[in-house]
Structure formats: structure tokens, C-alpha cells
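What's in start_3.txt: compact mmCIF, N, CA and C atoms
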# COMPACT_ATOMS: atom_id res chain seq x y z
N MET A 1 100.75 124.45 115.74
CA MET A 1 101.06 124.16 114.36
C MET A 1 99.99 124.77 113.47
N PRO A 2 100.38 125.44 112.40
CA PRO A 2 99.38 126.06 111.52
C PRO A 2 98.45 125.01 110.89
N LYS A 3 97.19 125.38 110.72
CA LYS A 3 96.21 124.47 110.13
C LYS A 3 96.62 124.06 108.72
N SER A 4 97.25 124.97 107.98
CA SER A 4 97.66 124.64 106.62
C SER A 4 98.70 123.52 106.61
N PHE A 5 99.58 123.51 107.62
CA PHE A 5 100.59 122.45 107.71
C PHE A 5 99.93 121.12 108.08
N LEU A 6 99.03 121.14 109.05
CA LEU A 6 98.33 119.92 109.47
C LEU A 6 97.53 119.34 108.31
N ARG A 7 96.89 120.20 107.55
CA ARG A 7 96.11 119.73 106.40
C ARG A 7 97.05 119.11 105.35
N SER A 8 98.15 119.77 105.06
CA SER A 8 99.10 119.24 104.08
C SER A 8 99.68 117.91 104.54
N ARG A 9 99.96 117.79 105.83
CA ARG A 9 100.48 116.52 106.36
C ARG A 9 99.45 115.41 106.21
N SER A 10 98.20 115.70 106.54
CA SER A 10 97.13 114.70 106.41
C SER A 10 96.94 114.28 104.96
N LEU A 11 96.97 115.23 104.06
CA LEU A 11 96.85 114.92 102.63
C LEU A 11 98.03 114.09 102.14
N ALA A 12 99.22 114.42 102.62
CA ALA A 12 100.42 113.65 102.24
C ALA A 12 100.33 112.22 102.75
N PHE A 13 99.86 112.06 103.99
CA PHE A 13 99.69 110.71 104.57
C PHE A 13 98.75 109.88 103.69
N ALA A 14 97.64 110.47 103.28
CA ALA A 14 96.68 109.76 102.43
C ALA A 14 97.27 109.50 101.03
N ARG A 15 97.90 110.50 100.46
CA ARG A 15 98.50 110.38 99.12
C ARG A 15 99.57 109.28 99.09
N GLN A 16 100.31 109.16 100.18
CA GLN A 16 101.40 108.17 100.26
C GLN A 16 100.89 106.82 100.80
N ARG A 17 99.58 106.70 100.95
CA ARG A 17 98.94 105.47 101.45
C ARG A 17 99.50 105.03 102.80
N GLY A 18 99.83 106.02 103.65
CA GLY A 18 100.30 105.72 104.99
C GLY A 18 101.73 105.24 105.07
N LEU A 19 102.49 105.44 104.00
CA LEU A 19 103.89 105.01 103.97
C LEU A 19 104.81 106.22 104.09
N CYS A 20 105.90 106.05 104.81
CA CYS A 20 106.89 107.11 104.98
C CYS A 20 107.52 107.50 103.65
N PHE A 21 107.69 108.78 103.44
CA PHE A 21 108.31 109.29 102.22
C PHE A 21 109.73 108.76 102.06
N TYR A 22 110.46 108.60 103.15
CA TYR A 22 111.86 108.19 103.09
C TYR A 22 112.06 106.68 103.09
N CYS A 23 111.54 105.99 104.09
CA CYS A 23 111.81 104.55 104.22
C CYS A 23 110.72 103.68 103.58
N GLU A 24 109.59 104.30 103.25
CA GLU A 24 108.47 103.61 102.60
C GLU A 24 107.86 102.51 103.46
N LEU A 25 108.05 102.62 104.77
CA LEU A 25 107.44 101.69 105.71
C LEU A 25 106.15 102.30 106.24
N PRO A 26 105.24 101.46 106.78
CA PRO A 26 103.97 102.00 107.28
C PRO A 26 104.17 102.92 108.48
N MET A 27 103.24 103.88 108.58
CA MET A 27 103.23 104.84 109.69
C MET A 27 101.82 104.83 110.28
N TRP A 28 101.69 105.46 111.43
CA TRP A 28 100.36 105.65 112.01
C TRP A 28 100.12 107.14 112.22
N ALA A 29 98.85 107.52 112.14
CA ALA A 29 98.50 108.92 112.35
C ALA A 29 97.58 109.09 113.55
N ASP A 30 96.89 108.03 113.95
CA ASP A 30 95.88 108.18 114.99
C ASP A 30 96.12 107.39 116.27
N SER A 31 96.63 106.17 116.17
CA SER A 31 96.70 105.32 117.35
C SER A 31 97.97 104.48 117.40
N ALA A 32 98.88 104.87 118.28
CA ALA A 32 100.12 104.11 118.44
C ALA A 32 99.82 102.71 118.97
N SER A 33 98.87 102.57 119.88
CA SER A 33 98.58 101.26 120.46
C SER A 33 97.99 100.31 119.41
N PHE A 34 97.13 100.81 118.53
CA PHE A 34 96.58 99.97 117.46
C PHE A 34 97.70 99.53 116.51
N PHE A 35 98.56 100.47 116.13
CA PHE A 35 99.68 100.17 115.24
C PHE A 35 100.61 99.13 115.87
N ALA A 36 100.92 99.31 117.16
CA ALA A 36 101.79 98.37 117.87
C ALA A 36 101.19 96.97 117.89
N ALA A 37 99.91 96.88 118.21
CA ALA A 37 99.24 95.58 118.24
C ALA A 37 99.21 94.94 116.85
N LYS A 38 98.91 95.73 115.84
CA LYS A 38 98.83 95.22 114.47
C LYS A 38 100.16 94.64 114.00
N HIS A 39 101.26 95.29 114.39
CA HIS A 39 102.59 94.87 113.92
C HIS A 39 103.36 94.05 114.94
N GLY A 40 102.78 93.81 116.10
CA GLY A 40 103.44 92.99 117.12
C GLY A 40 104.70 93.63 117.67
N ILE A 41 104.65 94.94 117.89
CA ILE A 41 105.80 95.66 118.42
C ILE A 41 105.40 96.39 119.69
N THR A 42 106.38 96.90 120.41
CA THR A 42 106.09 97.64 121.64
C THR A 42 105.57 99.03 121.32
N LEU A 43 104.95 99.63 122.31
CA LEU A 43 104.46 101.00 122.14
C LEU A 43 105.62 101.97 121.88
N ALA A 44 106.75 101.76 122.56
CA ALA A 44 107.93 102.61 122.34
C ALA A 44 108.43 102.48 120.90
N GLN A 45 108.43 101.28 120.36
CA GLN A 45 108.84 101.09 118.97
C GLN A 45 107.84 101.75 118.03
N ALA A 46 106.56 101.60 118.34
CA ALA A 46 105.51 102.18 117.49
C ALA A 46 105.62 103.70 117.42
N LYS A 47 106.06 104.33 118.48
CA LYS A 47 106.16 105.79 118.48
C LYS A 47 107.13 106.29 117.41
N GLN A 48 108.10 105.49 117.05
CA GLN A 48 109.05 105.89 116.00
C GLN A 48 108.41 105.88 114.62
N PHE A 49 107.24 105.23 114.49
CA PHE A 49 106.53 105.16 113.22
C PHE A 49 105.41 106.20 113.13
N GLN A 50 105.35 107.13 114.08
CA GLN A 50 104.32 108.17 114.05
C GLN A 50 104.51 109.06 112.83
N CYS A 51 103.42 109.41 112.18
CA CYS A 51 103.47 110.29 111.01
C CYS A 51 103.81 111.71 111.44
N THR A 52 104.80 112.28 110.80
CA THR A 52 105.16 113.68 110.99
C THR A 52 105.15 114.35 109.62
N GLY A 53 105.10 115.65 109.62
CA GLY A 53 105.18 116.39 108.37
C GLY A 53 106.60 116.84 108.12
N GLU A 54 107.03 116.77 106.89
CA GLU A 54 108.39 117.12 106.52
C GLU A 54 108.35 118.11 105.35
N HIS A 55 108.99 119.25 105.53
CA HIS A 55 109.09 120.23 104.44
C HIS A 55 110.21 119.81 103.50
N LEU A 56 109.91 119.67 102.23
CA LEU A 56 110.95 119.35 101.26
C LEU A 56 111.92 120.51 101.11
N LEU A 57 111.38 121.71 101.04
CA LEU A 57 112.19 122.92 101.07
C LEU A 57 111.90 123.58 102.41
N ALA A 58 112.91 123.64 103.26
CA ALA A 58 112.72 124.16 104.62
C ALA A 58 112.12 125.56 104.60
N ARG A 59 111.33 125.84 105.62
CA ARG A 59 110.73 127.17 105.72
C ARG A 59 111.81 128.24 105.78
N GLN A 60 112.91 127.96 106.46
CA GLN A 60 113.99 128.95 106.56
C GLN A 60 114.61 129.25 105.20
N ASP A 61 114.41 128.33 104.24
CA ASP A 61 114.94 128.53 102.89
C ASP A 61 113.86 129.00 101.91
N GLY A 62 112.70 129.39 102.46
CA GLY A 62 111.63 129.90 101.61
C GLY A 62 110.52 128.92 101.34
N GLY A 63 110.58 127.73 101.92
CA GLY A 63 109.52 126.74 101.74
C GLY A 63 108.26 127.14 102.49
N ASP A 64 107.13 126.61 102.04
CA ASP A 64 105.87 126.93 102.69
C ASP A 64 105.16 125.65 103.13
N ASN A 65 103.92 125.80 103.59
CA ASN A 65 103.14 124.66 104.07
C ASN A 65 102.23 124.08 103.00
N SER A 66 102.53 124.32 101.75
CA SER A 66 101.68 123.84 100.66
C SER A 66 101.78 122.32 100.50
N GLU A 67 100.76 121.76 99.87
CA GLU A 67 100.73 120.32 99.62
C GLU A 67 101.95 119.85 98.84
N SER A 68 102.42 120.66 97.93
CA SER A 68 103.56 120.25 97.10
C SER A 68 104.89 120.31 97.85
N ASN A 69 104.92 120.95 99.01
CA ASN A 69 106.17 121.08 99.75
C ASN A 69 106.19 120.25 101.03
N VAL A 70 105.08 119.64 101.39
CA VAL A 70 105.02 118.85 102.63
C VAL A 70 104.76 117.39 102.29
N VAL A 71 105.59 116.52 102.84
CA VAL A 71 105.40 115.07 102.71
C VAL A 71 105.24 114.49 104.11
N ALA A 72 104.75 113.26 104.16
CA ALA A 72 104.60 112.55 105.43
C ALA A 72 105.83 111.66 105.63
N ALA A 73 106.41 111.75 106.81
CA ALA A 73 107.60 110.95 107.14
C ALA A 73 107.45 110.39 108.55
N CYS A 74 107.93 109.18 108.76
CA CYS A 74 107.87 108.62 110.12
C CYS A 74 108.79 109.43 111.04
N ARG A 75 108.47 109.41 112.30
CA ARG A 75 109.24 110.18 113.28
C ARG A 75 110.73 109.83 113.22
N HIS A 76 111.05 108.55 113.09
CA HIS A 76 112.46 108.14 113.07
C HIS A 76 113.21 108.78 111.90
N CYS A 77 112.65 108.68 110.69
CA CYS A 77 113.33 109.26 109.52
C CYS A 77 113.44 110.77 109.65
N ASN A 78 112.37 111.41 110.07
CA ASN A 78 112.36 112.86 110.18
C ASN A 78 113.40 113.34 111.19
N GLU A 79 113.39 112.74 112.38
CA GLU A 79 114.35 113.16 113.41
C GLU A 79 115.78 112.86 113.00
N HIS A 80 115.99 111.71 112.38
CA HIS A 80 117.35 111.32 111.99
C HIS A 80 117.91 112.28 110.94
N ARG A 81 117.08 112.69 109.98
CA ARG A 81 117.54 113.63 108.97
C ARG A 81 117.92 114.97 109.59
N HIS A 82 117.20 115.37 110.61
CA HIS A 82 117.44 116.68 111.21
C HIS A 82 118.52 116.67 112.30
N LYS A 83 119.19 115.55 112.48
CA LYS A 83 120.34 115.52 113.39
C LYS A 83 121.56 116.16 112.74
N TYR A 84 121.51 116.28 111.42
CA TYR A 84 122.60 116.95 110.70
C TYR A 84 122.52 118.44 110.98
N ARG A 85 123.63 119.11 110.86
CA ARG A 85 123.61 120.58 110.92
C ARG A 85 122.85 121.07 109.70
N PRO A 86 122.12 122.17 109.84
CA PRO A 86 121.32 122.64 108.69
C PRO A 86 122.11 122.78 107.40
N ALA A 87 123.31 123.27 107.49
CA ALA A 87 124.11 123.47 106.28
C ALA A 87 124.55 122.15 105.64
N SER A 88 124.64 121.08 106.43
CA SER A 88 125.13 119.82 105.89
C SER A 88 124.04 118.74 105.78
N ALA A 89 122.80 119.09 106.09
CA ALA A 89 121.72 118.12 105.97
C ALA A 89 121.56 117.72 104.50
N PRO A 90 121.41 116.44 104.23
CA PRO A 90 121.24 116.02 102.83
C PRO A 90 119.90 116.49 102.28
N SER A 91 119.83 116.63 100.99
CA SER A 91 118.56 116.99 100.35
C SER A 91 117.58 115.84 100.59
N PRO A 92 116.29 116.09 100.48
CA PRO A 92 115.32 115.01 100.66
C PRO A 92 115.57 113.82 99.73
N THR A 93 115.94 114.10 98.49
CA THR A 93 116.20 113.02 97.53
C THR A 93 117.42 112.20 97.94
N THR A 94 118.50 112.88 98.31
CA THR A 94 119.73 112.20 98.73
C THR A 94 119.47 111.39 100.00
N TYR A 95 118.75 111.98 100.95
CA TYR A 95 118.45 111.28 102.20
C TYR A 95 117.60 110.05 101.94
N LYS A 96 116.61 110.17 101.07
CA LYS A 96 115.76 109.01 100.74
C LYS A 96 116.60 107.89 100.14
N GLU A 97 117.52 108.22 99.26
CA GLU A 97 118.41 107.21 98.67
C GLU A 97 119.25 106.53 99.75
N GLN A 98 119.77 107.31 100.69
CA GLN A 98 120.57 106.74 101.78
C GLN A 98 119.73 105.80 102.64
N VAL A 99 118.53 106.24 102.98
CA VAL A 99 117.64 105.43 103.82
C VAL A 99 117.28 104.13 103.11
N LEU A 100 116.88 104.20 101.85
CA LEU A 100 116.49 103.00 101.12
C LEU A 100 117.66 102.04 100.94
N ARG A 101 118.86 102.58 100.77
CA ARG A 101 120.04 101.73 100.66
C ARG A 101 120.28 100.98 101.98
N ARG A 102 120.23 101.73 103.09
CA ARG A 102 120.41 101.09 104.40
C ARG A 102 119.28 100.12 104.69
N LEU A 103 118.08 100.46 104.29
CA LEU A 103 116.93 99.59 104.49
C LEU A 103 117.13 98.27 103.76
N SER A 104 117.61 98.33 102.52
CA SER A 104 117.84 97.11 101.74
C SER A 104 118.93 96.23 102.35
N GLN A 105 119.81 96.85 103.13
CA GLN A 105 120.88 96.12 103.81
C GLN A 105 120.44 95.66 105.20
N GLY A 106 119.20 95.98 105.59
CA GLY A 106 118.70 95.61 106.90
C GLY A 106 119.30 96.44 108.02
N ARG A 107 119.82 97.62 107.68
CA ARG A 107 120.50 98.47 108.67
C ARG A 107 119.73 99.74 108.97
N TRP A 108 118.42 99.68 108.94
CA TRP A 108 117.60 100.84 109.25
C TRP A 108 116.59 100.44 110.30
N PHE A 109 116.32 101.32 111.23
CA PHE A 109 115.46 101.04 112.38
C PHE A 109 114.18 100.28 112.00
N GLY A 110 113.42 100.82 111.08
CA GLY A 110 112.13 100.24 110.74
C GLY A 110 112.24 98.83 110.20
N ALA A 111 113.23 98.58 109.37
CA ALA A 111 113.40 97.25 108.80
C ALA A 111 113.67 96.23 109.90
N GLN A 112 114.50 96.59 110.84
CA GLN A 112 114.84 95.68 111.92
C GLN A 112 113.63 95.40 112.81
N VAL A 113 112.90 96.43 113.17
CA VAL A 113 111.76 96.29 114.07
C VAL A 113 110.66 95.47 113.42
N LEU A 114 110.28 95.82 112.20
CA LEU A 114 109.18 95.11 111.55
C LEU A 114 109.56 93.70 111.15
N ARG A 115 110.82 93.47 110.79
CA ARG A 115 111.27 92.11 110.46
C ARG A 115 111.20 91.23 111.70
N GLU A 116 111.66 91.76 112.84
CA GLU A 116 111.61 90.99 114.09
C GLU A 116 110.17 90.68 114.48
N SER A 117 109.26 91.61 114.26
CA SER A 117 107.86 91.37 114.63
C SER A 117 107.25 90.30 113.73
N ARG A 118 107.59 90.29 112.44
CA ARG A 118 107.06 89.26 111.54
C ARG A 118 107.63 87.89 111.91
N THR A 119 108.90 87.84 112.29
CA THR A 119 109.52 86.59 112.68
C THR A 119 108.87 86.06 113.95
N ALA A 120 108.62 86.94 114.92
CA ALA A 120 108.01 86.53 116.17
C ALA A 120 106.59 85.99 115.95
N VAL A 121 105.86 86.55 115.00
CA VAL A 121 104.50 86.11 114.72
C VAL A 121 104.51 84.72 114.11
N ARG A 122 105.48 84.43 113.27
CA ARG A 122 105.56 83.13 112.58
C ARG A 122 105.94 82.00 113.53
N THR A 123 106.74 82.27 114.57
CA THR A 123 107.21 81.19 115.45
C THR A 123 106.25 80.90 116.56

Translate the structure described by the file into C-alpha cells.
Amino acid sequence: MPKSFLRSRSLAFARQRGLCFYCELPMWADSASFFAAKHGITLAQAKQFQCTGEHLLARQDGGDNSESNVVAACRHCNEHRHKYRPASAPSPTTYKEQVLRRLSQGRWFGAQVLRESRTAVRT
């Protein structure tokens, strides 16, 4: 991975205060085991919250690795968005709206996992 991309991803993670650009849930950049323990989830669940870099304008469409074009996104959101065919993938703004709508309905991976972990901690 180019150093410019890694730097932009790290800056985006800090700028977003460790929250995913799409679902706005916490992510981890350094330690899946620490994140899992902190949130009371399994290591496999924690891996879905790993910070990844996301190009707002894809490189194939002329996007670059600049700070203004790279945001931090959890692995789940990033992979899910890219399951679409390139021609039919939603724009970052449209995808974020879809994710937040599903999140508010409790129908998004992160909401379910973190809600269950908070419930388990309380009981």
C-alpha cells in the first residue's frame, strides 16, 4: 500500500475521532483484541470494526490518495459497499444515508453487535 494512502487513512481516523465514515460506530486501528475486550465482543466480531481506508472518488475514476479523498471506514461498511458492481455502487453520500437509516432501524451489523455487548455487560 502506498505510504500516501496509509498516511491519509491515519489522518482520517484521527479526524473522525475513530468513528467510521459510514456507520459512525467506533473502529480500531491497532489492536483487535483490545477493542474486543473493551466492547465485550468476540475477536471475529472485532475484526469487522477494523479501520480501512476508503476513496470517496475511486482511483479508477481519477481519485487519488489525498487527505480530501480518503476517509476511514470500518471493514464491514467498506466491504459491503464494494459488493456492488462498480457501475451500480452507490455514491459515498448515498451509501452513508442507507447505512445510517438501517442503523437507526437496528438492521446493521455494528448496531446489533455493540447493542448485544452493552446488554450483556448490564446483566

Under the rule that only C-alpha atoms are counted, which of A:Val70, A:Cys20, A:His76, A:Ser91 is the nearest residue to Lys47 (chain A)?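 Counting only C-alpha atoms, the residue closest to Lys47 (chain A) is A:His76.
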
Measuring between only N, CA and C atoms, which one of A:Gln16, A:Leu57, A:Leu43, A:Pro26 shows the shortest distance to Pro92 (chain A)?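 Checking each of A:Gln16, A:Leu57, A:Leu43, A:Pro26 against Pro92 (chain A), counting only N, CA and C atoms, the winner is A:Leu57.
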
Measuring between only N, CA and C atoms, which one of A:Ala46, A:Leu56, A:Val113, A:Val99 shows the shortest distance to Ser33 (chain A)? A:Ala46

Rounded to one decimal in Å, what is the spacing between atom N of Ala73 (chain A) and atom N of Arg15 (chain A)?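 Value for the atom N of Ala73 (chain A)-atom N of Arg15 (chain A) distance: 10.7 Å.
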
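For the pair CA of Ala89 (chain A) and CA of Arg107 (chain A), the interatomic distance is 19.9 Å.
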
Got a sec: who's within 8 Å of Asn78 (chain A), counting only N, CA and C atoms, leaving out chain neighbours fewer than 3 positions off, as a PyMOL selection string? chain A and resi 22+52-54+72-75+81-83

Write out as a VMD selection string all residues of chain A that backbone DSSP assigns to alpha helix (DSSP H). chain A and resid 3 to 15 32 to 39 43 to 47 75 to 81 92 to 104 109 to 122

Around region 62-81 of chain A, with edges along x, y and z and 3 Å added on all six sides, what centre and edge lengths do you get, in Å to one decimal, as JSON?
{"center_x": 109.3, "center_y": 119.0, "center_z": 105.3, "size_x": 23.2, "size_y": 27.8, "size_z": 22.3}

Grab the atom N of Gly63 (chain A) to atom N of Glu24 (chain A) distance for me, in Å with one decimal place. 23.5 Å

So, counting only C-alpha atoms, which residue among A:Ala32, A:Ala37, A:Leu103, A:Cys23 is closest to Gln50 (chain A)? A:Ala32

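Across A:Phe13, A:Phe49, A:Tyr95, A:Tyr84, the tightest approach to Leu25 (chain A) is made by A:Phe49 when counting only C-alpha atoms.
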
Neighbours of point (97.0, 106.8, 110.9) within 8 Å, using only N, CA and C atoms, written as a ChimeraX atom specification: /A:13,18,27-32,51

Generate a file of the selected residues that holds N, CA and C atoms, formatted as a JSON list (two decimals), keeping the file's coordinate frame.
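File written: again_13.json
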[["chain", "number", "residue", "atom", "x", "y", "z"],
["A", 13, "PHE", "N", 99.86, 112.06, 103.99],
["A", 13, "PHE", "CA", 99.69, 110.71, 104.57],
["A", 13, "PHE", "C", 98.75, 109.88, 103.69],
["A", 18, "GLY", "N", 99.83, 106.02, 103.65],
["A", 18, "GLY", "CA", 100.30, 105.72, 104.99],
["A", 18, "GLY", "C", 101.73, 105.24, 105.07],
["A", 27, "MET", "N", 103.24, 103.88, 108.58],
["A", 27, "MET", "CA", 103.23, 104.84, 109.69],
["A", 27, "MET", "C", 101.82, 104.83, 110.28],
["A", 28, "TRP", "N", 101.69, 105.46, 111.43],
["A", 28, "TRP", "CA", 100.36, 105.65, 112.01],
["A", 28, "TRP", "C", 100.12, 107.14, 112.22],
["A", 29, "ALA", "N", 98.85, 107.52, 112.14],
["A", 29, "ALA", "CA", 98.50, 108.92, 112.35],
["A", 29, "ALA", "C", 97.58, 109.09, 113.55],
["A", 30, "ASP", "N", 96.89, 108.03, 113.95],
["A", 30, "ASP", "CA", 95.88, 108.18, 114.99],
["A", 30, "ASP", "C", 96.12, 107.39, 116.27],
["A", 31, "SER", "N", 96.63, 106.17, 116.17],
["A", 31, "SER", "CA", 96.70, 105.32, 117.35],
["A", 31, "SER", "C", 97.97, 104.48, 117.40],
["A", 32, "ALA", "N", 98.88, 104.87, 118.28],
["A", 32, "ALA", "CA", 100.12, 104.11, 118.44],
["A", 32, "ALA", "C", 99.82, 102.71, 118.97],
["A", 51, "CYS", "N", 103.42, 109.41, 112.18],
["A", 51, "CYS", "CA", 103.47, 110.29, 111.01],
["A", 51, "CYS", "C", 103.81, 111.71, 111.44]]

Please identify which residues in chain A DSSP calls strand (DSSP E or B) from the backbone, and express them as a VMD selection string. chain A and resid 19 26 28 50 to 55 70 to 74

Write out as a list in words the residues lying within 7 Å of Asn65 (chain A), counting all atoms listed in the file and excluding same-chain residues fewer than 4 positions away.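 Non-adjacent residues within range: Ser4, Phe5, Ser8, Asn69 and Val70 of chain A.
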
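Shortest separation to Ser68 (chain A) among A:His55, A:Phe109, A:Gln48, A:Leu114 occurs at residue A:His55, atoms counted being only N, CA and C atoms.
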